[in-house]
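Student: File follows, structure.pdb with PDB, C-alpha atoms:
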ATOM      1  CA  MET A  39     -17.601  -9.917 -26.347
ATOM      2  CA  SER A  40     -15.153 -12.634 -27.366
ATOM      3  CA  PRO A  41     -16.017 -16.347 -26.967
ATOM      4  CA  ALA A  42     -13.298 -16.684 -24.348
ATOM      5  CA  SER A  43     -14.698 -13.854 -22.243
ATOM      6  CA  THR A  44     -18.203 -15.269 -22.679
ATOM      7  CA  ARG A  45     -17.074 -18.625 -21.326
ATOM      8  CA  TYR A  46     -15.374 -16.858 -18.434
ATOM      9  CA  CYS A  47     -18.552 -15.011 -17.539
ATOM     10  CA  CYS A  48     -20.590 -18.207 -17.713
ATOM     11  CA  ARG A  49     -18.229 -19.991 -15.358
ATOM     12  CA  ALA A  50     -18.267 -16.999 -13.040
ATOM     13  CA  THR A  51     -22.069 -17.057 -12.947
ATOM     14  CA  PHE A  52     -22.110 -20.763 -12.123
ATOM     15  CA  ASN A  53     -19.426 -20.379  -9.437
ATOM     16  CA  ALA A  54     -21.241 -17.434  -7.864
ATOM     17  CA  TRP A  55     -24.500 -19.414  -7.900
ATOM     18  CA  ALA A  56     -22.810 -22.463  -6.367
ATOM     19  CA  SER A  57     -21.161 -20.373  -3.674
ATOM     20  CA  CYS A  58     -24.374 -18.594  -2.741
ATOM     21  CA  SER A  59     -26.449 -21.780  -2.815
ATOM     22  CA  ARG A  60     -24.366 -23.289  -0.050
ATOM     23  CA  GLY A  61     -25.650 -20.648   2.355
ATOM     24  CA  ILE A  62     -29.181 -20.279   3.744
ATOM     25  CA  SER A  63     -31.310 -17.924   1.679
ATOM     26  CA  THR A  64     -34.508 -16.583   3.140
ATOM     27  CA  SER A  65     -35.338 -14.519   0.060
ATOM     28  CA  PRO A  66     -35.256 -15.754  -3.566
ATOM     29  CA  ALA A  67     -34.969 -12.166  -4.784
ATOM     30  CA  LEU A  68     -32.000 -11.489  -2.508
ATOM     31  CA  HIS A  69     -30.359 -14.743  -3.596
ATOM     32  CA  ALA A  70     -30.753 -13.843  -7.276
ATOM     33  CA  SER A  71     -29.344 -10.348  -6.744
ATOM     34  CA  LYS A  72     -26.229 -11.799  -5.103
ATOM     35  CA  VAL A  73     -25.689 -14.142  -8.041
ATOM     36  CA  ILE A  74     -26.107 -11.317 -10.557
ATOM     37  CA  ALA A  75     -23.794  -8.995  -8.592
ATOM     38  CA  ALA A  76     -21.078 -11.674  -8.341
ATOM     39  CA  ALA A  77     -21.337 -12.430 -12.055
ATOM     40  CA  ALA A  78     -21.112  -8.714 -12.899
ATOM     41  CA  LYS A  79     -17.946  -8.337 -10.811
ATOM     42  CA  ALA A  80     -16.377 -11.382 -12.486
ATOM     43  CA  ALA A  81     -17.228 -10.010 -15.929
ATOM     44  CA  LYS A  82     -15.715  -6.652 -15.021
ATOM     45  CA  ARG A  83     -12.496  -8.297 -13.858
ATOM     46  CA  ALA A  84     -12.309 -10.366 -17.043
ATOM     47  CA  LYS A  85     -12.810  -7.274 -19.195
ATOM     48  CA  ALA A  86     -10.088  -5.384 -17.338
ATOM     49  CA  LYS A  87      -7.723  -8.329 -17.704
ATOM     50  CA  ASP A  88      -8.380  -8.574 -21.431
ATOM     51  CA  ALA A  89      -7.799  -4.844 -21.832
ATOM     52  CA  ALA A  90      -4.482  -5.049 -19.973
ATOM     53  CA  ASN A  91      -3.340  -8.015 -22.042
ATOM     54  CA  SER A  92      -4.247  -6.243 -25.284
ATOM     55  CA  GLU A  93      -1.835  -3.419 -24.366
ATOM     56  CA  ALA A  94       1.027  -5.770 -23.515
ATOM     57  CA  MET A  95       3.992  -5.967 -25.861
ATOM     58  CA  THR A  96       7.413  -7.558 -25.991
ATOM     59  CA  LEU A  97      10.417  -5.832 -24.480
ATOM     60  CA  LYS A  98      11.813  -5.269 -27.971
ATOM     61  CA  ASP A  99       8.637  -3.496 -29.102
ATOM     62  CA  ALA A 100       8.462  -1.406 -25.911
ATOM     63  CA  VAL A 101      12.050  -0.275 -26.410
ATOM     64  CA  SER A 102      11.336   0.664 -30.038
ATOM     65  CA  VAL A 103       8.262   2.727 -29.115
ATOM     66  CA  LEU A 104       9.992   4.637 -26.325
ATOM     67  CA  ARG A 105      13.081   5.215 -28.444
ATOM     68  CA  ALA A 106      10.936   6.720 -31.215
ATOM     69  CA  VAL A 107       9.291   9.090 -28.740
ATOM     70  CA  GLU A 108      12.601  10.155 -27.178
ATOM     71  CA  VAL A 109      14.713  10.295 -30.349
ATOM     72  CA  ALA A 110      15.894  13.798 -29.452
ATOM     73  CA  ALA A 111      16.898  12.813 -25.914
ATOM     74  CA  PRO A 112      19.236   9.781 -26.139
ATOM     75  CA  THR A 113      20.473  10.242 -22.561
ATOM     76  CA  SER A 114      17.008   9.824 -21.047
ATOM     77  CA  ALA A 115      16.545   6.643 -19.070
ATOM     78  CA  TYR A 116      14.352   3.583 -19.426
ATOM     79  CA  GLU A 117      12.623   3.160 -16.072
ATOM     80  CA  LEU A 118      11.362  -0.285 -15.122
ATOM     81  CA  THR A 119       8.328  -0.415 -12.818
ATOM     82  CA  VAL A 120       7.598  -3.748 -11.157
ATOM     83  CA  THR A 121       4.394  -4.257  -9.190
ATOM     84  CA  THR A 122       4.575  -7.034  -6.605
ATOM     85  CA  LYS A 123       1.780  -8.733  -4.706
ATOM     86  CA  PHE A 124       2.368  -6.969  -1.434
ATOM     87  CA  VAL A 125       0.556  -7.633   1.842
ATOM     88  CA  ARG A 126       0.293  -4.950   4.493
ATOM     89  CA  GLY A 127       2.672  -5.660   7.337
ATOM     90  CA  GLN A 128       5.372  -7.196   5.144
ATOM     91  CA  THR A 129       8.856  -5.749   5.032
ATOM     92  CA  VAL A 130       9.270  -3.574   1.950
ATOM     93  CA  PRO A 131      11.239  -5.545  -0.690
ATOM     94  CA  ARG A 132      14.717  -4.143  -1.271
ATOM     95  CA  GLY A 133      18.157  -5.127  -2.488
ATOM     96  CA  LYS A 134      21.166  -4.054  -4.508
ATOM     97  CA  ILE A 135      22.528  -5.006  -7.884
ATOM     98  CA  SER A 136      25.455  -4.475 -10.218
ATOM     99  CA  LEU A 137      23.874  -4.207 -13.647
ATOM    100  CA  PRO A 138      25.800  -5.536 -16.659
ATOM    101  CA  ARG A 139      26.019  -1.912 -17.831
ATOM    102  CA  ASP A 140      25.661   0.946 -15.345
ATOM    103  CA  ALA A 141      22.545   2.968 -16.206
ATOM    104  CA  ARG A 142      23.082   5.823 -13.782
ATOM    105  CA  ALA A 143      23.718   9.284 -15.173
ATOM    106  CA  SER A 144      26.289  10.092 -12.499
ATOM    107  CA  ALA A 145      28.626   8.091 -10.302
ATOM    108  CA  GLU A 146      27.971   7.396  -6.638
ATOM    109  CA  THR A 147      29.324   9.893  -4.114
ATOM    110  CA  VAL A 148      30.916   7.771  -1.401
ATOM    111  CA  LEU A 149      31.657   9.056   2.094
ATOM    112  CA  VAL A 150      33.738   6.954   4.489
ATOM    113  CA  PHE A 151      34.021   7.355   8.247
ATOM    114  CA  ALA A 152      37.439   5.916   9.014
ATOM    115  CA  SER A 153      40.619   6.397  10.993
ATOM    116  CA  GLY A 154      44.213   5.214  10.877
ATOM    117  CA  LYS A 155      45.266   3.099   7.891
ATOM    118  CA  SER A 156      41.672   2.822   6.690
ATOM    119  CA  VAL A 157      41.760   6.507   5.657
ATOM    120  CA  ALA A 158      44.462   5.885   3.065
ATOM    121  CA  ALA A 159      42.741   2.709   1.839
ATOM    122  CA  ALA A 160      39.431   4.530   1.337
ATOM    123  CA  ARG A 161      41.063   7.375  -0.590
ATOM    124  CA  ALA A 162      43.042   4.970  -2.745
ATOM    125  CA  ALA A 163      39.809   3.157  -3.646
ATOM    126  CA  GLY A 164      38.237   6.407  -4.848
ATOM    127  CA  ALA A 165      36.072   7.586  -1.929
ATOM    128  CA  HIS A 166      35.015  11.221  -2.318
ATOM    129  CA  HIS A 167      34.990  12.131   1.383
ATOM    130  CA  VAL A 168      37.029  10.416   4.098
ATOM    131  CA  GLY A 169      37.349  11.355   7.754
ATOM    132  CA  GLY A 170      36.009  10.991  11.267
ATOM    133  CA  GLU A 171      33.652  12.964  13.498
ATOM    134  CA  GLU A 172      34.699  16.219  11.822
ATOM    135  CA  LEU A 173      32.537  15.278   8.815
ATOM    136  CA  ILE A 174      29.318  15.150  10.867
ATOM    137  CA  PRO A 175      28.536  18.933  10.873
ATOM    138  CA  ASP A 176      28.994  19.103   7.087
ATOM    139  CA  LEU A 177      26.614  16.172   6.669
ATOM    140  CA  LEU A 178      23.951  17.706   8.892
ATOM    141  CA  SER A 179      24.189  21.059   7.110
ATOM    142  CA  ALA A 180      23.961  19.362   3.678
ATOM    143  CA  LYS A 181      27.362  20.679   2.699
ATOM    144  CA  LEU A 182      28.191  17.044   1.950
ATOM    145  CA  THR A 183      25.546  15.011   0.102
ATOM    146  CA  PRO A 184      26.818  11.440  -0.309
ATOM    147  CA  THR A 185      24.810   8.711  -1.986
ATOM    148  CA  LYS A 186      26.652   5.944  -0.108
ATOM    149  CA  VAL A 187      28.081   5.998   3.425
ATOM    150  CA  ILE A 188      30.617   3.505   4.767
ATOM    151  CA  CYS A 189      31.960   3.248   8.312
ATOM    152  CA  THR A 190      34.596   1.294  10.185
ATOM    153  CA  PRO A 191      33.434  -0.651  13.285
ATOM    154  CA  THR A 192      35.409   1.581  15.664
ATOM    155  CA  LEU A 193      33.544   4.724  14.590
ATOM    156  CA  LEU A 194      30.109   3.120  14.334
ATOM    157  CA  PRO A 195      28.966   3.939  17.931
ATOM    158  CA  VAL A 196      29.644   7.646  17.349
ATOM    159  CA  ILE A 197      27.892   7.629  13.967
ATOM    160  CA  GLN A 198      24.871   5.771  15.354
ATOM    161  CA  LYS A 199      24.498   8.242  18.203
ATOM    162  CA  GLN A 200      24.774  11.407  16.145
ATOM    163  CA  LEU A 201      23.564  10.456  12.658
ATOM    164  CA  ALA A 202      21.132   7.516  12.929
ATOM    165  CA  ARG A 203      18.048   9.738  12.737
ATOM    166  CA  PHE A 204      19.557  11.755   9.909
ATOM    167  CA  LEU A 205      20.951   8.974   7.720
ATOM    168  CA  GLY A 206      18.369   6.293   8.552
ATOM    169  CA  PRO A 207      15.375   7.834   6.721
ATOM    170  CA  LYS A 208      17.582   8.429   3.690
ATOM    171  CA  GLY A 209      18.637   4.764   3.576
ATOM    172  CA  LEU A 210      22.272   5.763   4.125
ATOM    173  CA  MET A 211      22.929   4.526   7.646
ATOM    174  CA  PRO A 212      25.877   2.083   7.562
ATOM    175  CA  SER A 213      25.121  -1.471   8.645
ATOM    176  CA  GLU A 214      27.004  -4.746   8.797
ATOM    177  CA  LYS A 215      24.147  -6.498   7.004
ATOM    178  CA  ARG A 216      24.610  -4.305   3.925
ATOM    179  CA  GLY A 217      28.380  -4.541   4.065
ATOM    180  CA  THR A 218      28.822  -0.836   4.770
ATOM    181  CA  VAL A 219      30.292  -1.375   8.233
ATOM    182  CA  THR A 220      33.636  -3.026   7.620
ATOM    183  CA  THR A 221      37.369  -2.912   8.237
ATOM    184  CA  ASN A 222      38.005  -3.573   4.535
ATOM    185  CA  VAL A 223      36.947  -0.104   3.400
ATOM    186  CA  GLY A 224      38.814  -0.330   0.083
ATOM    187  CA  SER A 225      36.673  -3.203  -1.186
ATOM    188  CA  ALA A 226      33.532  -1.626   0.254
ATOM    189  CA  VAL A 227      34.159   1.618  -1.637
ATOM    190  CA  LYS A 228      34.675  -0.171  -4.941
ATOM    191  CA  LEU A 229      31.530  -2.235  -4.371
ATOM    192  CA  ALA A 230      29.517   0.884  -3.497
ATOM    193  CA  GLN A 231      30.610   2.608  -6.689
ATOM    194  CA  GLY A 232      29.455  -0.270  -8.850
ATOM    195  CA  THR A 233      26.158  -1.254  -7.216
ATOM    196  CA  MET A 234      22.693   0.262  -7.348
ATOM    197  CA  ASN A 235      20.224   0.010  -4.473
ATOM    198  CA  TRP A 236      16.574  -0.722  -5.236
ATOM    199  CA  LYS A 237      13.613  -0.552  -2.910
ATOM    200  CA  GLY A 238       9.852  -0.931  -3.176
ATOM    201  CA  ASP A 239       7.468   1.709  -1.917
ATOM    202  CA  ARG A 240       4.885   1.096   0.837
ATOM    203  CA  LEU A 241       2.687  -0.720  -1.703
ATOM    204  CA  GLY A 242       5.481  -2.968  -2.965
ATOM    205  CA  VAL A 243       6.001  -1.103  -6.260
ATOM    206  CA  ILE A 244       9.637  -1.019  -7.368
ATOM    207  CA  ARG A 245      10.973   1.614  -9.788
ATOM    208  CA  ALA A 246      14.509   1.940 -11.082
ATOM    209  CA  PRO A 247      16.421   3.230 -14.115
ATOM    210  CA  VAL A 248      17.720   0.204 -16.021
ATOM    211  CA  ALA A 249      19.145   1.591 -19.275
ATOM    212  CA  ARG A 250      19.577   4.637 -21.540
ATOM    213  CA  ILE A 251      17.460   5.461 -24.563
ATOM    214  CA  GLY A 252      20.465   5.516 -26.880
ATOM    215  CA  TRP A 253      21.790   2.094 -25.868
ATOM    216  CA  PRO A 254      21.703  -0.965 -28.159
ATOM    217  CA  LEU A 255      18.762  -3.323 -27.625
ATOM    218  CA  GLU A 256      21.100  -6.056 -26.344
ATOM    219  CA  ASP A 257      22.316  -3.849 -23.465
ATOM    220  CA  VAL A 258      18.772  -2.847 -22.515
ATOM    221  CA  THR A 259      17.615  -6.466 -22.572
ATOM    222  CA  SER A 260      20.493  -7.770 -20.452
ATOM    223  CA  ASN A 261      19.961  -5.049 -17.836
ATOM    224  CA  VAL A 262      16.208  -5.659 -17.626
ATOM    225  CA  LYS A 263      16.711  -9.407 -17.231
ATOM    226  CA  ALA A 264      19.383  -8.891 -14.569
ATOM    227  CA  PHE A 265      17.167  -6.501 -12.627
ATOM    228  CA  MET A 266      14.199  -8.878 -12.740
ATOM    229  CA  GLU A 267      16.397 -11.698 -11.448
ATOM    230  CA  ALA A 268      17.575  -9.463  -8.601
ATOM    231  CA  ILE A 269      13.974  -8.696  -7.638
ATOM    232  CA  LYS A 270      13.043 -12.385  -7.681
ATOM    233  CA  LEU A 271      16.003 -13.215  -5.452
ATOM    234  CA  GLY A 272      15.172 -10.323  -3.155
ATOM    235  CA  THR A 273      11.585 -11.480  -2.724
ATOM    236  CA  SER A 274      12.041 -15.256  -2.699
ATOM    237  CA  PRO A 275      11.581 -17.589   0.290
ATOM    238  CA  SER A 276      15.296 -18.420   0.252
ATOM    239  CA  SER A 277      16.263 -14.798   0.876
ATOM    240  CA  GLU A 278      15.811 -12.721   4.007
ATOM    241  CA  GLN A 279      13.005 -10.786   2.332
ATOM    242  CA  PRO A 280       9.355 -11.891   2.460
ATOM    243  CA  THR A 281       7.846 -13.676  -0.510
ATOM    244  CA  ALA A 282       6.375 -11.215  -3.021
ATOM    245  CA  VAL A 283       4.992 -12.362  -6.362
ATOM    246  CA  VAL A 284       5.643 -10.157  -9.403
ATOM    247  CA  LYS A 285       2.251  -9.106 -10.772
ATOM    248  CA  LYS A 286       3.130  -6.623 -13.519
ATOM    249  CA  LYS A 287       6.123  -5.141 -15.331
ATOM    250  CA  ALA A 288       6.167  -1.839 -17.205
ATOM    251  CA  LEU A 289       8.895  -0.002 -19.107
ATOM    252  CA  ASP A 290       8.725   3.782 -19.345
ATOM    253  CA  LYS A 291      11.075   6.683 -20.048
ATOM    254  CA  VAL A 292      12.214   9.442 -17.719
ATOM    255  CA  GLN A 293      14.349  12.515 -18.256
ATOM    256  CA  ALA A 294      18.059  12.279 -17.536
ATOM    257  CA  SER A 295      17.870  14.684 -14.591
ATOM    258  CA  GLY A 296      18.063  12.726 -11.329
ATOM    259  CA  TYR A 297      19.001   9.494 -13.125
TER     260      TYR A 297
END
Any chance you could put this one into structure tokens?
Tutor:
Amino acid sequence: MSPASTRYCCRATFNAWASCSRGISTSPALHASKVIAAAAKAAKRAKAKDAANSEAMTLKDAVSVLRAVEVAAPTSAYELTVTTKFVRGQTVPRGKISLPRDARASAETVLVFASGKSVAAARAAGAHHVGGEELIPDLLSAKLTPTKVICTPTLLPVIQKQLARFLGPKGLMPSEKRGTVTTNVGSAVKLAQGTMNWKGDRLGVIRAPVARIGWPLEDVTSNVKAFMEAIKLGTSPSSEQPTAVVKKKALDKVQASGY
């Protein structure tokens, strides 16, 4: 055991003793067992923390290790996993970001519910599917599988009534808050094509592809930094999301399929 961990255990023993001594003990043996148990837990936590720190490395070193492992698969992705201090009952942290260099393997498939002049504007901006209610059956049958859905305000009531339960669980339901319910569909389409949505799971763990194995270190670094900044903004008191402290960051590799 290192001197530092020894000091930590000693402090933990004293703190546990001090905490227990403030209560009323009717049994010296019971009192001693509580002190020993508290000290053992503190020592275990210290050992786990030291082990985790010993495995930590710089971003540059992590990139080098993963690149060496995946030398034959340069299109595989670096996946960043961020663990936040999440309390049950909080809203799951989420947001969207335009990374300095797009890490996705394929472009977004944008569907726009529009009518009138907005149809031409959406098509000119590069939307893959544009139309009105006639698109609903193809969506429900999975003939159309968009990754982003945009809607004009006039068609929103119809879409809410018929597709809310279908698009909602997929995170695709248009909303004014996200900027996907708008009269300016041209700008919305271009924004949708260049942004990536991120979302934590029910435990507050966020995972997202941030770069490609074959990219230069500078591109990987800039994307990781940008993504971390987006998470901090998305979980800060100044945003609409609840405060969530970043506890741990991990870089891994995943196959190109799906990313």
Student: Find, counting all atoms listed in the file, the residue in A:Ala160, A:Leu118, A:Thr220, A:Arg245 that gets nearest to Ala100 in chain A.
Tutor: A:Leu118
Student: Which value, in Å to one decimal, gives the distance between CA of Pro138 in chain A and CA of Asn261 in chain A?
Tutor: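 Between these atoms lies a distance of 6.0 Å.
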Student: From the options A:Val125, A:Ala143, A:Val248, A:Pro191, which residue's atoms come nearest to Ser260 in chain A, counting all atoms listed in the file?
Tutor: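 For Ser260 in chain A, the nearest of the given residues is A:Val248.
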Student: Distance CA of Ala202 in chain A-CA of Thr183 in chain A, one decimal place?
Tutor: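 About the pair CA of Ala202 in chain A and CA of Thr183 in chain A: they are 15.5 Å apart.
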Student: Would you mind listing what lies within 10 Å of Glu146 in chain A as a PyMOL selection string, with all atoms listed in the file counted and same-chain residues fewer than 2 positions away left out?
Tutor: chain A and resi 142-144+148-149+165-166+184-186+227+230-234
Student: Report the distance between CA of Glu256 in chain A and CA of Asp99 in chain A in Å, rounded to one decimal place.
Tutor: 13.0 Å
Student: Determine the residue set returned by the PyMOL selection byres ((chain A and resi 152) around 8) for the present structure, and present it as a ChimeraX atom specification.
Tutor: /A:150-151,153-154,156-157,168-170,189-190,193
Student: For the PyMOL selection byres ((chain A and resi 124) around 7), applied here, can you spell out every residue it catches as a list in words?
Tutor: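 This file, filtered by the PyMOL selection byres ((chain A and resi 124) around 7), leaves Thr122, Lys123, Val125, Arg126, Leu241, Gly242 and Ala282 of chain A.
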